[in-house]
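*Asks:* The file below is my_file-v8.pdb, PDB, C-alpha atoms and all ligand atoms:
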```pdb
ATOM      1  CA  MET M  18      56.541  27.319 -46.551  1.00  0.00           C
ATOM      2  CA  ARG M  19      52.999  28.565 -47.144  1.00  0.00           C
ATOM      3  CA  THR M  20      53.351  27.682 -50.847  1.00  0.00           C
ATOM      4  CA  LEU M  21      54.492  24.196 -49.891  1.00  0.00           C
ATOM      5  CA  ILE M  22      51.497  23.708 -47.587  1.00  0.00           C
ATOM      6  CA  VAL M  23      49.101  24.950 -50.277  1.00  0.00           C
ATOM      7  CA  ALA M  24      50.731  22.626 -52.817  1.00  0.00           C
ATOM      8  CA  LEU M  25      50.481  19.661 -50.454  1.00  0.00           C
ATOM      9  CA  CYS M  26      46.823  20.444 -49.682  1.00  0.00           C
ATOM     10  CA  CYS M  27      46.013  20.719 -53.388  1.00  0.00           C
ATOM     11  CA  THR M  28      47.696  17.379 -54.051  1.00  0.00           C
ATOM     12  CA  PHE M  29      45.751  15.837 -51.179  1.00  0.00           C
ATOM     13  CA  LEU M  30      42.426  17.292 -52.340  1.00  0.00           C
ATOM     14  CA  ALA M  31      43.085  16.200 -55.929  1.00  0.00           C
ATOM     15  CA  ALA M  32      43.797  12.691 -54.695  1.00  0.00           C
ATOM     16  CA  GLN M  33      40.522  12.726 -52.727  1.00  0.00           C
ATOM     17  CA  THR M  34      38.249  14.040 -55.456  1.00  0.00           C
ATOM     18  CA  VAL M  35      39.780  12.494 -58.584  1.00  0.00           C
ATOM     19  CA  PRO M  36      40.456   8.801 -57.996  1.00  0.00           C
ATOM     20  CA  ASP M  37      42.954   7.069 -60.290  1.00  0.00           C
ATOM     21  CA  ALA M  38      41.642   6.543 -63.785  1.00  0.00           C
ATOM     22  CA  ALA M  39      40.672   2.901 -64.182  1.00  0.00           C
ATOM     23  CA  ASP M  40      42.312   1.734 -67.362  1.00  0.00           C
ATOM     24  CA  LYS M  41      39.760  -1.005 -67.971  1.00  0.00           C
ATOM     25  CA  LEU M  42      36.006  -1.246 -68.321  1.00  0.00           C
ATOM     26  CA  ALA M  43      34.776  -4.470 -66.704  1.00  0.00           C
ATOM     27  CA  VAL M  44      31.753  -6.192 -68.224  1.00  0.00           C
ATOM     28  CA  ASP M  45      30.714  -8.809 -65.698  1.00  0.00           C
ATOM     29  CA  GLY M  46      27.880 -10.402 -63.755  1.00  0.00           C
ATOM     30  CA  ASP M  47      25.500 -12.787 -65.488  1.00  0.00           C
ATOM     31  CA  VAL M  48      27.336 -12.971 -68.817  1.00  0.00           C
ATOM     32  CA  SER M  49      28.905 -15.967 -70.571  1.00  0.00           C
ATOM     33  CA  THR M  50      32.069 -14.034 -71.512  1.00  0.00           C
ATOM     34  CA  PRO M  51      33.178 -11.428 -68.949  1.00  0.00           C
ATOM     35  CA  LEU M  52      35.307  -8.688 -70.515  1.00  0.00           C
ATOM     36  CA  ALA M  53      37.912  -6.165 -69.369  1.00  0.00           C
ATOM     37  CA  LEU M  54      38.135  -3.579 -72.133  1.00  0.00           C
ATOM     38  CA  THR M  55      40.755  -0.879 -72.602  1.00  0.00           C
ATOM     39  CA  VAL M  56      40.392   2.161 -74.848  1.00  0.00           C
ATOM     40  CA  ALA M  57      42.663   0.281 -77.283  1.00  0.00           C
ATOM     41  CA  ASP M  58      40.150  -2.606 -77.326  1.00  0.00           C
ATOM     42  CA  LEU M  59      37.286  -0.171 -77.978  1.00  0.00           C
ATOM     43  CA  ALA M  60      39.211   1.262 -80.948  1.00  0.00           C
ATOM     44  CA  LYS M  61      39.042  -2.146 -82.691  1.00  0.00           C
ATOM     45  CA  MET M  62      35.269  -2.560 -82.284  1.00  0.00           C
ATOM     46  CA  PRO M  63      32.412  -1.134 -84.411  1.00  0.00           C
ATOM     47  CA  ARG M  64      32.286   2.633 -83.751  1.00  0.00           C
ATOM     48  CA  GLU M  65      29.577   5.252 -83.804  1.00  0.00           C
ATOM     49  CA  THR M  66      29.531   9.031 -83.404  1.00  0.00           C
ATOM     50  CA  ALA M  67      26.650  11.072 -82.009  1.00  0.00           C
ATOM     51  CA  THR M  68      26.463  14.852 -82.100  1.00  0.00           C
ATOM     52  CA  LEU M  69      24.488  16.155 -79.156  1.00  0.00           C
ATOM     53  CA  ALA M  70      23.547  19.506 -77.679  1.00  0.00           C
ATOM     54  CA  GLU M  71      25.212  20.207 -74.331  1.00  0.00           C
ATOM     55  CA  MET M  72      23.074  21.738 -71.583  1.00  0.00           C
ATOM     56  CA  ASP M  73      24.405  25.200 -72.589  1.00  0.00           C
ATOM     57  CA  GLY M  74      23.253  24.587 -76.180  1.00  0.00           C
ATOM     58  CA  SER M  75      26.699  24.032 -77.752  1.00  0.00           C
ATOM     59  CA  LYS M  76      27.197  20.964 -79.969  1.00  0.00           C
ATOM     60  CA  VAL M  77      29.575  18.183 -79.068  1.00  0.00           C
ATOM     61  CA  ALA M  78      30.464  14.935 -80.890  1.00  0.00           C
ATOM     62  CA  TYR M  79      30.970  11.807 -78.782  1.00  0.00           C
ATOM     63  CA  GLU M  80      32.531   8.750 -80.390  1.00  0.00           C
ATOM     64  CA  GLY M  81      32.755   5.171 -79.176  1.00  0.00           C
ATOM     65  CA  VAL M  82      31.251   1.701 -79.357  1.00  0.00           C
ATOM     66  CA  PRO M  83      27.498   1.050 -79.235  1.00  0.00           C
ATOM     67  CA  LEU M  84      26.706  -0.477 -75.820  1.00  0.00           C
ATOM     68  CA  THR M  85      24.815  -3.348 -77.478  1.00  0.00           C
ATOM     69  CA  GLU M  86      28.001  -4.346 -79.385  1.00  0.00           C
ATOM     70  CA  ILE M  87      29.861  -4.651 -76.081  1.00  0.00           C
ATOM     71  CA  LEU M  88      27.044  -6.606 -74.442  1.00  0.00           C
ATOM     72  CA  LYS M  89      26.820  -8.931 -77.488  1.00  0.00           C
ATOM     73  CA  LYS M  90      30.555  -9.580 -77.198  1.00  0.00           C
ATOM     74  CA  ALA M  91      29.982 -10.530 -73.543  1.00  0.00           C
ATOM     75  CA  GLY M  92      27.272 -12.968 -74.635  1.00  0.00           C
ATOM     76  CA  VAL M  93      24.034 -11.022 -74.090  1.00  0.00           C
ATOM     77  CA  ALA M  94      21.539 -12.006 -76.796  1.00  0.00           C
ATOM     78  CA  PHE M  95      19.385  -9.277 -78.356  1.00  0.00           C
ATOM     79  CA  GLY M  96      16.731  -9.552 -81.070  1.00  0.00           C
ATOM     80  CA  LYS M  97      14.689 -12.759 -81.209  1.00  0.00           C
ATOM     81  CA  GLU M  98      16.084 -13.983 -77.879  1.00  0.00           C
ATOM     82  CA  MET M  99      15.168 -10.795 -76.003  1.00  0.00           C
ATOM     83  CA  ARG M 100      11.851 -12.193 -74.767  1.00  0.00           C
ATOM     84  CA  GLY M 101      10.343 -13.930 -71.745  1.00  0.00           C
ATOM     85  CA  LYS M 102      12.781 -14.254 -68.847  1.00  0.00           C
ATOM     86  CA  ALA M 103      15.447 -12.242 -70.670  1.00  0.00           C
ATOM     87  CA  LEU M 104      13.237  -9.164 -70.212  1.00  0.00           C
ATOM     88  CA  ALA M 105      13.793  -9.392 -66.443  1.00  0.00           C
ATOM     89  CA  GLY M 106      17.464  -8.581 -66.977  1.00  0.00           C
ATOM     90  CA  TYR M 107      19.172  -5.275 -66.330  1.00  0.00           C
ATOM     91  CA  LEU M 108      22.518  -3.578 -66.635  1.00  0.00           C
ATOM     92  CA  LEU M 109      24.029  -1.681 -63.701  1.00  0.00           C
ATOM     93  CA  ALA M 110      26.614   0.883 -64.842  1.00  0.00           C
ATOM     94  CA  GLU M 111      29.025   1.934 -62.088  1.00  0.00           C
ATOM     95  CA  ALA M 112      31.431   4.860 -62.114  1.00  0.00           C
ATOM     96  CA  ARG M 113      34.682   5.697 -60.352  1.00  0.00           C
ATOM     97  CA  ASP M 114      32.905   8.251 -58.129  1.00  0.00           C
ATOM     98  CA  GLY M 115      30.280   5.709 -57.020  1.00  0.00           C
ATOM     99  CA  TYR M 116      27.544   6.945 -59.399  1.00  0.00           C
ATOM    100  CA  GLN M 117      25.245   4.091 -60.430  1.00  0.00           C
ATOM    101  CA  VAL M 118      22.640   3.886 -63.181  1.00  0.00           C
ATOM    102  CA  VAL M 119      20.411   1.031 -64.317  1.00  0.00           C
ATOM    103  CA  PHE M 120      19.199   0.216 -67.834  1.00  0.00           C
ATOM    104  CA  SER M 121      16.861  -2.681 -68.579  1.00  0.00           C
ATOM    105  CA  LEU M 122      18.216  -5.094 -71.200  1.00  0.00           C
ATOM    106  CA  GLY M 123      14.874  -4.876 -73.001  1.00  0.00           C
ATOM    107  CA  GLU M 124      15.079  -1.107 -73.453  1.00  0.00           C
ATOM    108  CA  LEU M 125      18.559  -1.428 -74.982  1.00  0.00           C
ATOM    109  CA  ASP M 126      17.308  -3.825 -77.667  1.00  0.00           C
ATOM    110  CA  ALA M 127      17.059  -1.978 -80.986  1.00  0.00           C
ATOM    111  CA  GLU M 128      13.887  -3.916 -81.857  1.00  0.00           C
ATOM    112  CA  ILE M 129      12.123  -3.013 -78.582  1.00  0.00           C
ATOM    113  CA  ALA M 130      12.854   0.532 -77.305  1.00  0.00           C
ATOM    114  CA  GLY M 131      16.276   1.088 -78.783  1.00  0.00           C
ATOM    115  CA  THR M 132      17.615   3.336 -76.021  1.00  0.00           C
ATOM    116  CA  GLY M 133      20.780   4.523 -77.766  1.00  0.00           C
ATOM    117  CA  VAL M 134      23.877   4.260 -75.597  1.00  0.00           C
ATOM    118  CA  ILE M 135      27.447   4.825 -76.767  1.00  0.00           C
ATOM    119  CA  VAL M 136      30.386   3.650 -74.659  1.00  0.00           C
ATOM    120  CA  ALA M 137      32.379   6.730 -75.569  1.00  0.00           C
ATOM    121  CA  ASP M 138      36.130   7.347 -75.376  1.00  0.00           C
ATOM    122  CA  ARG M 139      36.403  10.477 -77.531  1.00  0.00           C
ATOM    123  CA  ARG M 140      34.810  13.904 -77.458  1.00  0.00           C
ATOM    124  CA  ASP M 141      35.280  16.125 -80.522  1.00  0.00           C
ATOM    125  CA  GLY M 142      38.061  13.761 -81.599  1.00  0.00           C
ATOM    126  CA  GLN M 143      40.037  13.987 -78.351  1.00  0.00           C
ATOM    127  CA  PRO M 144      40.391  11.529 -75.450  1.00  0.00           C
ATOM    128  CA  LEU M 145      37.988  12.324 -72.605  1.00  0.00           C
ATOM    129  CA  SER M 146      39.046  14.519 -69.687  1.00  0.00           C
ATOM    130  CA  ALA M 147      39.769  12.952 -66.284  1.00  0.00           C
ATOM    131  CA  GLN M 148      36.322  14.114 -65.060  1.00  0.00           C
ATOM    132  CA  GLN M 149      34.611  12.291 -67.921  1.00  0.00           C
ATOM    133  CA  GLY M 150      36.745   9.327 -68.812  1.00  0.00           C
ATOM    134  CA  PRO M 151      38.727   7.605 -69.960  1.00  0.00           C
ATOM    135  CA  ILE M 152      35.351   6.018 -70.811  1.00  0.00           C
ATOM    136  CA  ARG M 153      31.814   7.332 -70.329  1.00  0.00           C
ATOM    137  CA  LEU M 154      28.322   6.394 -71.405  1.00  0.00           C
ATOM    138  CA  VAL M 155      26.416   8.760 -73.675  1.00  0.00           C
ATOM    139  CA  VAL M 156      22.679   8.077 -73.805  1.00  0.00           C
ATOM    140  CA  THR M 157      21.750   9.611 -77.138  1.00  0.00           C
ATOM    141  CA  SER M 158      17.997   9.073 -76.791  1.00  0.00           C
ATOM    142  CA  ASP M 159      17.618  10.595 -73.310  1.00  0.00           C
ATOM    143  CA  LYS M 160      16.340  14.176 -72.937  1.00  0.00           C
ATOM    144  CA  ARG M 161      18.600  14.971 -69.962  1.00  0.00           C
ATOM    145  CA  PRO M 162      22.122  13.490 -69.655  1.00  0.00           C
ATOM    146  CA  ALA M 163      21.594  12.149 -66.122  1.00  0.00           C
ATOM    147  CA  ARG M 164      22.166   8.529 -67.235  1.00  0.00           C
ATOM    148  CA  SER M 165      25.261   9.406 -69.290  1.00  0.00           C
ATOM    149  CA  VAL M 166      27.587   7.901 -66.697  1.00  0.00           C
ATOM    150  CA  ARG M 167      30.993   9.601 -66.702  1.00  0.00           C
ATOM    151  CA  MET M 168      34.136   7.697 -65.637  1.00  0.00           C
ATOM    152  CA  VAL M 169      32.317   4.382 -66.089  1.00  0.00           C
ATOM    153  CA  GLU M 170      34.362   1.410 -64.928  1.00  0.00           C
ATOM    154  CA  ARG M 171      31.904  -1.466 -64.643  1.00  0.00           C
ATOM    155  CA  LEU M 172      28.927  -2.769 -66.607  1.00  0.00           C
ATOM    156  CA  HIS M 173      27.298  -5.410 -64.421  1.00  0.00           C
ATOM    157  CA  VAL M 174      24.582  -7.635 -65.913  1.00  0.00           C
ATOM    158  CA  VAL M 175      21.892  -9.020 -63.605  1.00  0.00           C
ATOM    159  CA  ARG M 176      19.245 -11.543 -64.667  1.00  0.00           C
ATOM    160  CA  LEU M 177      16.385 -11.764 -62.161  1.00  0.00           C
ATOM    161  CA  ARG M 178      14.871 -14.847 -63.871  1.00  0.00           C
ATOM    162  CA  LYS M 179      17.072 -17.700 -65.140  1.00  0.00           C
TER     163      LYS M 179
HETATM  164  N1  LIG L 201      30.061   9.350 -62.752  1.00  0.00           N
HETATM  165  C1  LIG L 201      29.083  10.264 -62.825  1.00  0.00           C
HETATM  166  N2  LIG L 201      28.428  10.406 -63.978  1.00  0.00           N
HETATM  167  C2  LIG L 201      27.446  11.311 -64.088  1.00  0.00           C
HETATM  168  C3  LIG L 201      27.052  12.105 -62.996  1.00  0.00           C
HETATM  169  C4  LIG L 201      27.763  11.918 -61.767  1.00  0.00           C
HETATM  170  O1  LIG L 201      27.501  12.554 -60.737  1.00  0.00           O
HETATM  171  N3  LIG L 201      28.795  10.993 -61.734  1.00  0.00           N
HETATM  172  N4  LIG L 201      26.039  13.024 -63.118  1.00  0.00           N
HETATM  173  C5  LIG L 201      25.114  12.865 -64.258  1.00  0.00           C
HETATM  174  C6  LIG L 201      24.322  14.054 -64.526  1.00  0.00           C
HETATM  175  S1  LIG L 201      23.056  14.354 -63.462  1.00  0.00           S
HETATM  176  C7  LIG L 201      24.552  14.848 -65.631  1.00  0.00           C
HETATM  177  S2  LIG L 201      23.544  16.144 -65.976  1.00  0.00           S
HETATM  178  C8  LIG L 201      25.686  14.572 -66.558  1.00  0.00           C
HETATM  179  C9  LIG L 201      26.509  15.817 -66.833  1.00  0.00           C
HETATM  180  O2  LIG L 201      27.697  15.454 -67.479  1.00  0.00           O
HETATM  181  P1  LIG L 201      28.248  16.183 -68.768  1.00  0.00           P
HETATM  182  O3  LIG L 201      27.911  17.619 -68.655  1.00  0.00           O
HETATM  183  O4  LIG L 201      29.702  15.891 -68.772  1.00  0.00           O
HETATM  184  O5  LIG L 201      27.580  15.539 -69.941  1.00  0.00           O
HETATM  185  O6  LIG L 201      26.540  13.549 -66.051  1.00  0.00           O
HETATM  186  C10 LIG L 201      25.845  12.464 -65.538  1.00  0.00           C
HETATM  187  N5  LIG L 201      26.811  11.446 -65.274  1.00  0.00           N
HETATM  188 MO    MO L 202      22.067  16.264 -64.169  1.00  0.00          MO
END
```
How would this structure read if it were set down as structure tokens?
*Replies:*
Amino acid sequence: MRTLIVALCCTFLAAQTVPDAADKLAVDGDVSTPLALTVADLAKMPRETATLAEMDGSKVAYEGVPLTEILKKAGVAFGKEMRGKALAGYLLAEARDGYQVVFSLGELDAEIAGTGVIVADRRDGQPLSAQQGPIRLVVTSDKRPARSVRMVERLHVVRLRK
């Protein structure tokens, strides 16, 4: 009986702390082509790998699609068109646990700041763990991984000036 109660409590706690894995990454908001991407969709897009030091010093390789490739597919223009009103645009990344992080569209542009962000679905060649994935952001140019949103499920574009 005690075992059963412990098992039921564990199941309950697991359900509370680890919400169901969203199988799609929504790219929405002020974009011309909203997207709902699965890991299978990401596999068909241009891919990039970044080897980073973890906080304990060990090396880890994250693989996925450059964030700018995903935003371009949704209709966000980088390069020559990233000027004027477009620079008052931002991207809100939202995770399954409610974590939220903002990036400005200007900083993501390779010709401006080139903040390197990978929409990653693999770590050392394996699918991501439930705590990390199935999809996470990896901000390769940040010094601390605070903006590397785990379990990301929505990339929401906001343009403050039209
Ligand atoms: N969804 C989500 N992502 C998150 C966080 C979080 O609380 N929730 N914490 C951030 C912080 S502060 C850090 S240091 C890194 C740590 O993740 P990692 O060790 O898996 O890279 O995740 C970042 N991404
Ligand atoms: Mo952190």
*Asks:* What does the list of residues within 7 Å of ligand MO 202 (chain L) look like if you count all atoms listed in the file, written as a PyMOL selection string?
*Replies:* chain M and resi 161-163
*Asks:* Give me the residues of chain M that have any atom at most 8 Å from an atom of ligand LIG 201 (chain L); for each, the nearest atom pair and the distance in Å, rounded to one decimal. Use all atoms listed in the file, sort by chain and number, and format it as CSV.
*Replies:*
```
residue,atom,partner,partner_atom,distance
M:Glu71,CA,L:LIG201,O3,6.8
M:Met72,CA,L:LIG201,O3,7.0
M:Glu111,CA,L:LIG201,N1,7.5
M:Ala112,CA,L:LIG201,N1,4.7
M:Arg113,CA,L:LIG201,N1,6.4
M:Asp114,CA,L:LIG201,N1,5.5
M:Gly115,CA,L:LIG201,N1,6.8
M:Tyr116,CA,L:LIG201,N1,4.8
M:Gln117,CA,L:LIG201,N1,7.5
M:Gln148,CA,L:LIG201,O4,7.8
M:Gln149,CA,L:LIG201,O4,6.1
M:Arg153,CA,L:LIG201,N2,7.8
M:Val155,CA,L:LIG201,O5,7.8
M:Arg161,CA,L:LIG201,S2,6.5
M:Pro162,CA,L:LIG201,S2,4.8
M:Ala163,CA,L:LIG201,C6,3.7
M:Arg164,CA,L:LIG201,C10,5.6
M:Ser165,CA,L:LIG201,N5,4.8
M:Val166,CA,L:LIG201,N2,3.8
M:Arg167,CA,L:LIG201,N2,3.8
M:Met168,CA,L:LIG201,N1,5.3
M:Val169,CA,L:LIG201,N1,6.4
```
*Asks:* Go ahead and compute the interatomic distance for CA of Leu122 in chain M and CA of Val77 in chain M, in Å to one decimal.
*Replies:* 27.1 Å
*Asks:* Just want the 6 Å neighbourhood of Ala137 in chain M, counted on only C-alpha atoms, with same-chain residues fewer than 6 positions away dropped. Output as a ChimeraX atom specification.
*Replies:* /M:80-81,152-154
*Asks:* Can you pull out every residue within 12 Å of Lys97 in chain M, counting only C-alpha atoms, but drop anything in the same chain fewer than 4 positions away, and send it as a ChimeraX atom specification?
*Replies:* /M:93,101,103-104,123,126-129
*Asks:* Kindly give the distance, in Å, that separates CA of Ser75 in chain M and CA of Asp138 in chain M, rounded to a single decimal.
*Replies:* 19.3 Å
*Asks:* Have a look at CA of Val174 in chain M and CA of Asp159 in chain M and let me know their distance in Å, one decimal.
*Replies:* 20.9 Å
*Asks:* Expand the PyMOL selection byres (((chain M and resi 54) around 12) and not hetatm) into the individual residues it matches in the shown file, reporting them as a ChimeraX atom specification.
*Replies:* /M:39-45,51-53,55-62,82,87-88,90-91,136,138,151-152,169-172
*Asks:* Would you list the residues near (26.3, -17.0, -64.1) (no more than 12 Å away, in the coordinates of the file, using all atoms listed in the file) as an NGL selection string?
*Replies:* :M and (45-51 or 92-93 or 173-179)
*Asks:* Restricting the calculation to all atoms listed in the file, which member of M:Leu84, M:Val134, M:Leu108, M:Met99 is positioned closest to Pro63 in chain M?
*Replies:*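 Distance minimum relative to Pro63 in chain M lands on M:Leu84.
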*Asks:* Measuring atom to atom with only C-alpha atoms, identify which of M:Ile135, M:Val118, M:Arg140, M:Leu145 is nearest to Ser158 in chain M.
*Replies:*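 Among the listed residues, the smallest separation from Ser158 in chain M belongs to M:Ile135.
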*Asks:* Hey, what's within 9 Å of Leu125 in chain M if we count only C-alpha atoms and toss same-chain stuff fewer than 4 positions away? As a list in words, please?
*Replies:*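 Non-adjacent residues within range: Leu84, Thr85, Phe95, Phe120, Ser121, Ile129, Ala130, Gly131, Thr132, Gly133 and Val134 of chain M.
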*Asks:* Could you dump the residues just selected with C-alpha atoms as a short mmCIF file (atom, residue, chain, number, x, y, z; two decimals), keeping the file's coordinate frame?
*Replies:*
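Contents of the output file again.cif:
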```cif
data_model
loop_
_atom_site.label_atom_id
_atom_site.label_comp_id
_atom_site.auth_asym_id
_atom_site.auth_seq_id
_atom_site.Cartn_x
_atom_site.Cartn_y
_atom_site.Cartn_z
CA LEU M 84 26.71 -0.48 -75.82
CA THR M 85 24.82 -3.35 -77.48
CA PHE M 95 19.39 -9.28 -78.36
CA PHE M 120 19.20 0.22 -67.83
CA SER M 121 16.86 -2.68 -68.58
CA ILE M 129 12.12 -3.01 -78.58
CA ALA M 130 12.85 0.53 -77.31
CA GLY M 131 16.28 1.09 -78.78
CA THR M 132 17.61 3.34 -76.02
CA GLY M 133 20.78 4.52 -77.77
CA VAL M 134 23.88 4.26 -75.60
#
```
*Asks:* Would you please work out which residue, of M:Lys89, M:Glu124, M:Pro144, M:Thr157, is nearest to Thr66 in chain M when using only C-alpha atoms?
*Replies:*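 Nearest candidate to Thr66 in chain M out of M:Lys89, M:Glu124, M:Pro144, M:Thr157: M:Thr157.
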*Asks:* Starting from the incomplete input, reconstruct all heavy atoms of range 63-72 of chain M and report them as a short mmCIF file (atom, residue, chain, number, x, y, z; two decimals), in the coordinates of the input.
*Replies:*
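Output file rebuild-v7.cif follows:
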```cif
data_model
loop_
_atom_site.label_atom_id
_atom_site.label_comp_id
_atom_site.auth_asym_id
_atom_site.auth_seq_id
_atom_site.Cartn_x
_atom_site.Cartn_y
_atom_site.Cartn_z
N PRO M 63 33.25 -2.03 -83.60
CA PRO M 63 32.41 -1.13 -84.41
C PRO M 63 32.21 0.19 -83.68
O PRO M 63 31.98 0.19 -82.47
CB PRO M 63 31.09 -1.89 -84.53
CG PRO M 63 31.41 -3.31 -84.24
CD PRO M 63 32.58 -3.30 -83.29
N ARG M 64 32.33 1.31 -84.39
CA ARG M 64 32.29 2.63 -83.75
C ARG M 64 31.12 3.44 -84.28
O ARG M 64 30.63 3.21 -85.38
CB ARG M 64 33.60 3.40 -84.02
CG ARG M 64 34.85 2.59 -83.78
CD ARG M 64 35.59 2.85 -82.54
NE ARG M 64 35.81 4.21 -82.14
CZ ARG M 64 36.16 4.50 -80.88
NH1 ARG M 64 36.30 3.55 -79.98
NH2 ARG M 64 36.36 5.74 -80.53
N GLU M 65 30.71 4.40 -83.46
CA GLU M 65 29.58 5.25 -83.80
C GLU M 65 29.85 6.65 -83.22
O GLU M 65 30.48 6.75 -82.17
CB GLU M 65 28.35 4.63 -83.14
CG GLU M 65 27.04 5.29 -83.39
CD GLU M 65 25.92 4.47 -82.75
OE1 GLU M 65 25.60 3.39 -83.27
OE2 GLU M 65 25.41 4.91 -81.70
N THR M 66 29.39 7.66 -83.91
CA THR M 66 29.53 9.03 -83.40
C THR M 66 28.14 9.65 -83.27
O THR M 66 27.30 9.45 -84.14
CB THR M 66 30.38 9.88 -84.38
OG1 THR M 66 31.65 9.28 -84.52
CG2 THR M 66 30.57 11.30 -83.87
N ALA M 67 27.92 10.36 -82.18
CA ALA M 67 26.65 11.07 -82.01
C ALA M 67 26.95 12.52 -81.67
O ALA M 67 27.77 12.80 -80.80
CB ALA M 67 25.85 10.44 -80.88
N THR M 68 26.31 13.43 -82.39
CA THR M 68 26.46 14.85 -82.10
C THR M 68 25.25 15.29 -81.29
O THR M 68 24.12 15.12 -81.71
CB THR M 68 26.59 15.65 -83.41
OG1 THR M 68 27.72 15.14 -84.11
CG2 THR M 68 26.82 17.13 -83.13
N LEU M 69 25.55 15.80 -80.10
CA LEU M 69 24.49 16.16 -79.16
C LEU M 69 24.62 17.60 -78.73
O LEU M 69 25.71 18.17 -78.77
CB LEU M 69 24.60 15.29 -77.89
CG LEU M 69 24.67 13.78 -78.07
CD1 LEU M 69 25.11 13.14 -76.78
CD2 LEU M 69 23.34 13.25 -78.51
N ALA M 70 23.50 18.16 -78.25
CA ALA M 70 23.55 19.51 -77.68
C ALA M 70 23.89 19.38 -76.20
O ALA M 70 23.28 18.59 -75.48
CB ALA M 70 22.20 20.18 -77.85
N GLU M 71 24.87 20.15 -75.75
CA GLU M 71 25.21 20.21 -74.33
C GLU M 71 24.11 21.02 -73.63
O GLU M 71 23.29 21.66 -74.28
CB GLU M 71 26.55 20.93 -74.15
CG GLU M 71 27.72 20.12 -74.69
CD GLU M 71 28.51 19.47 -73.58
OE1 GLU M 71 29.44 20.10 -73.10
OE2 GLU M 71 28.18 18.33 -73.21
N MET M 72 24.13 21.03 -72.29
CA MET M 72 23.07 21.74 -71.58
C MET M 72 23.12 23.25 -71.87
O MET M 72 22.10 23.91 -71.77
CB MET M 72 23.12 21.40 -70.10
CG MET M 72 22.66 19.96 -69.89
SD MET M 72 22.16 19.56 -68.22
CE MET M 72 23.74 19.47 -67.43
#
```
